[in-house]
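Asks: Questions regarding the structure given below will be posed in turn.
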Amino acid sequence: MQKFSDRLFYVIGGSSGIGLATAVLLSGKGAHIIIFARSATKLESALSQIQKKAVSPEQNFGHMALDVADARQVNEVMARAVAKYGVPDGLINCAGRSRPHKFEQITAGMFDETMKINLYGTRNTVAALVPLMKKKGGYIVNTASVAGFIGVFGLTDYSASKFAVIGFSEALKSELRPWGITVSVLCPPDTDTPGFQIENRTKPAETAAVSDGAGLMQPGDVARALIRGMRKNKFMIIPGFDAKLSFWAKRFLPWLVEWMISRAIRRAGTGGTAV
């Protein structure tokens, strides 16, 4: 996608974090933006930020409350959105959650909730819109994570969901290519979002030790990396040098990645003593 002006984007999870930063950036490029999230209050606040970056009075903006984990609701809301705003040229899935815990502390209900939001939520929005997008082509971005190609201590449910998002997106890319629909998967490292602050409340020391080595990005930087990746039609969009290095190291030097992770975990468990 080389042109963003006068294109219609649906941004799921657009009320905060990476979704909001992406919507703001697209607004500044002349795009029409409709954002979706669960909180109507947060949506209204976010939309005002997005509208301030508009470059043309012809741009259209809107928001709708949506729980991506509820497939029936997704179908109903997307049908109303399409009737009101039109079929999107781009669907950007940024809704997600992470509640780090050691595996034995993650109940079946917690695991199920993570999968429903991160994986099924992505599936639900794609399923609702693909039949319509096939008529004119378009672009779909699904958000995974660095923890979607490197399993991380304390993130068994989250990593499972994000590994699945990458696999889902790769298969989807092959199916939709003949219809002129490009599919990308965004794999950011830790990003300074409201969700990240919530993660820190339950994050085991070992998880924090592993995460510290990957750095912390700002939502705006991730959004800019996403736009650059979309311009190049890249499948795996990995923001940040450290995250890219982790991807290639995992692919070609998996033993080194495992050693570094294990060392960080051991140090966290021994009060910082290298083992």
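Numbering starts fresh at 1 for the residues of each chain in the structure tokens, the chains themselves are lettered A, B, ... in the order given, and ligands are numbered from 1 as they appear.
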If you count only C-alpha atoms, which residues fall within 9 Å of range 62-65 of chain A, apart from same-chain ones fewer than 4 positions away, as a ChimeraX atom specification?

Replies: /A:14,32-40,43-44,47,77,81,85

Asks: If you count only C-alpha atoms, which residues fall within 9 Å of Thr125 in chain A, apart from same-chain ones fewer than 6 positions away, as number ranges by chain?

Replies: A: 12, 68, 71, 74-75, 78, 91, 93

Asks: Run DSSP on the backbone and tell me which residues of range 18-199 of chain A come out as helix (DSSP H, G or I); list them as a ChimeraX atom specification.

Replies: /A:18-27,40-52,71-85,103-105,108-133,146-148,156-179,194-199

Asks: Produce a file of the selected residues containing C-alpha atoms, as a short mmCIF file (atom, residue, chain, number, x, y, z; two decimals), in the first residue's frame.

Replies:
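Output saved as result-v1.cif:
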data_model
loop_
_atom_site.label_atom_id
_atom_site.label_comp_id
_atom_site.auth_asym_id
_atom_site.auth_seq_id
_atom_site.Cartn_x
_atom_site.Cartn_y
_atom_site.Cartn_z
CA ILE A 18 -0.33 1.08 19.18
CA GLY A 19 -3.83 1.18 17.66
CA LEU A 20 -4.34 4.81 18.61
CA ALA A 21 -0.84 5.81 17.50
CA THR A 22 -1.44 4.14 14.14
CA ALA A 23 -4.81 5.84 13.70
CA VAL A 24 -3.27 9.24 14.50
CA LEU A 25 -0.50 8.67 11.98
CA LEU A 26 -2.92 7.56 9.27
CA SER A 27 -5.11 10.59 9.95
CA ALA A 40 -17.10 4.25 24.57
CA THR A 41 -15.51 6.91 26.79
CA LYS A 42 -11.99 6.01 25.68
CA LEU A 43 -13.13 5.89 22.06
CA GLU A 44 -14.47 9.44 22.22
CA SER A 45 -11.25 10.75 23.76
CA ALA A 46 -9.12 8.89 21.22
CA LEU A 47 -11.19 10.10 18.28
CA SER A 48 -10.62 13.72 19.24
CA GLN A 49 -6.85 13.11 19.12
CA ILE A 50 -7.17 11.45 15.73
CA GLN A 51 -9.30 14.22 14.26
CA LYS A 52 -6.79 16.88 15.32
CA ALA A 71 -18.13 -13.27 17.40
CA ARG A 72 -21.83 -12.46 17.14
CA GLN A 73 -21.26 -8.90 18.29
CA VAL A 74 -18.38 -8.48 15.87
CA ASN A 75 -20.58 -9.54 12.96
CA GLU A 76 -23.36 -7.16 14.01
CA VAL A 77 -21.09 -4.16 14.63
CA MET A 78 -19.12 -4.67 11.41
CA ALA A 79 -22.33 -4.91 9.42
CA ARG A 80 -23.45 -1.57 10.88
CA ALA A 81 -20.02 -0.03 10.30
CA VAL A 82 -19.96 -1.07 6.65
CA ALA A 83 -23.50 0.22 6.12
CA LYS A 84 -22.55 3.60 7.63
CA TYR A 85 -18.95 4.10 6.51
CA PHE A 103 1.89 -21.27 34.11
CA GLU A 104 0.49 -22.93 37.23
CA GLN A 105 -1.12 -19.63 38.23
CA ALA A 108 -8.26 -22.40 32.42
CA GLY A 109 -10.53 -19.35 32.41
CA MET A 110 -7.59 -16.93 32.17
CA PHE A 111 -6.02 -18.95 29.37
CA ASP A 112 -9.32 -19.07 27.52
CA GLU A 113 -9.83 -15.31 27.86
CA THR A 114 -6.38 -14.56 26.45
CA MET A 115 -6.97 -16.83 23.47
CA LYS A 116 -10.44 -15.39 22.84
CA ILE A 117 -9.18 -11.80 22.75
CA ASN A 118 -5.83 -12.22 21.04
CA LEU A 119 -6.53 -15.05 18.59
CA TYR A 120 -10.28 -15.45 18.22
CA GLY A 121 -10.72 -11.68 18.29
CA THR A 122 -8.40 -11.39 15.30
CA ARG A 123 -10.21 -14.20 13.55
CA ASN A 124 -13.61 -12.66 14.25
CA THR A 125 -12.93 -9.26 12.65
CA VAL A 126 -11.20 -10.82 9.66
CA ALA A 127 -14.06 -13.27 9.15
CA ALA A 128 -16.63 -10.48 9.28
CA LEU A 129 -14.89 -8.30 6.70
CA VAL A 130 -12.99 -10.55 4.28
CA PRO A 131 -16.05 -11.50 2.17
CA LEU A 132 -16.64 -7.79 1.53
CA MET A 133 -12.99 -6.82 1.11
CA VAL A 146 8.15 -10.75 19.63
CA ALA A 147 6.63 -13.25 22.07
CA GLY A 148 4.93 -14.72 18.99
CA THR A 156 2.53 -19.23 28.22
CA ASP A 157 -1.00 -18.15 27.32
CA TYR A 158 0.10 -14.94 25.60
CA SER A 159 2.88 -16.59 23.58
CA ALA A 160 0.52 -19.38 22.57
CA SER A 161 -2.00 -16.84 21.26
CA LYS A 162 0.59 -14.76 19.42
CA PHE A 163 2.38 -17.75 17.85
CA ALA A 164 -1.08 -18.70 16.58
CA VAL A 165 -1.72 -15.21 15.17
CA ILE A 166 1.46 -15.50 13.08
CA GLY A 167 0.45 -18.92 11.75
CA PHE A 168 -3.08 -17.73 11.07
CA SER A 169 -1.78 -14.68 9.22
CA GLU A 170 0.65 -16.69 7.11
CA ALA A 171 -2.05 -19.08 5.97
CA LEU A 172 -4.46 -16.19 5.39
CA LYS A 173 -1.88 -14.38 3.25
CA SER A 174 -1.78 -17.31 0.82
CA GLU A 175 -5.55 -17.57 0.61
CA LEU A 176 -6.23 -13.88 0.07
CA ARG A 177 -3.41 -12.99 -2.33
CA PRO A 178 -5.49 -13.92 -5.43
CA TRP A 179 -8.17 -11.48 -4.24
CA PRO A 194 -1.52 1.36 29.07
CA GLY A 195 -1.62 -2.40 28.54
CA PHE A 196 2.08 -2.67 29.31
CA GLN A 197 1.56 -0.87 32.61
CA ILE A 198 -1.12 -3.41 33.51
CA GLU A 199 1.22 -6.27 32.58
#

Asks: Would you kindly return, as JSON, numbers by chain, each protein, DNA or RNA residue with an atom no farther than 10 Å from any atom of Gly229 in chain A, considering only C-alpha atoms and excluding same-chain residues fewer than 3 positions away?

Replies: {"A": [1, 184, 185, 186, 223, 224, 225, 226, 232, 233, 234, 235, 236, 237, 238, 239]}

Asks: Under the rule that only C-alpha atoms are counted, which of A:Met260, A:Pro88, A:Ser5, A:Gly96 is the nearest residue to Ala54 in chain A?

Replies: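 Closest to Ala54 in chain A of all the choices is A:Ser5.
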
Asks: Give the strand (DSSP E or B) residues of range 20-69 of chain A, as DSSP finds them on the backbone, and put them as a ChimeraX atom specification.

Replies: /A:32-37,61-65

Asks: Neighbours of Phe241 in chain A within 12 Å (only C-alpha atoms; same-chain residues fewer than 6 positions away dropped), as a PyMOL selection string?

Replies: chain A and resi 188-189+214-217+221-222+225+247-248
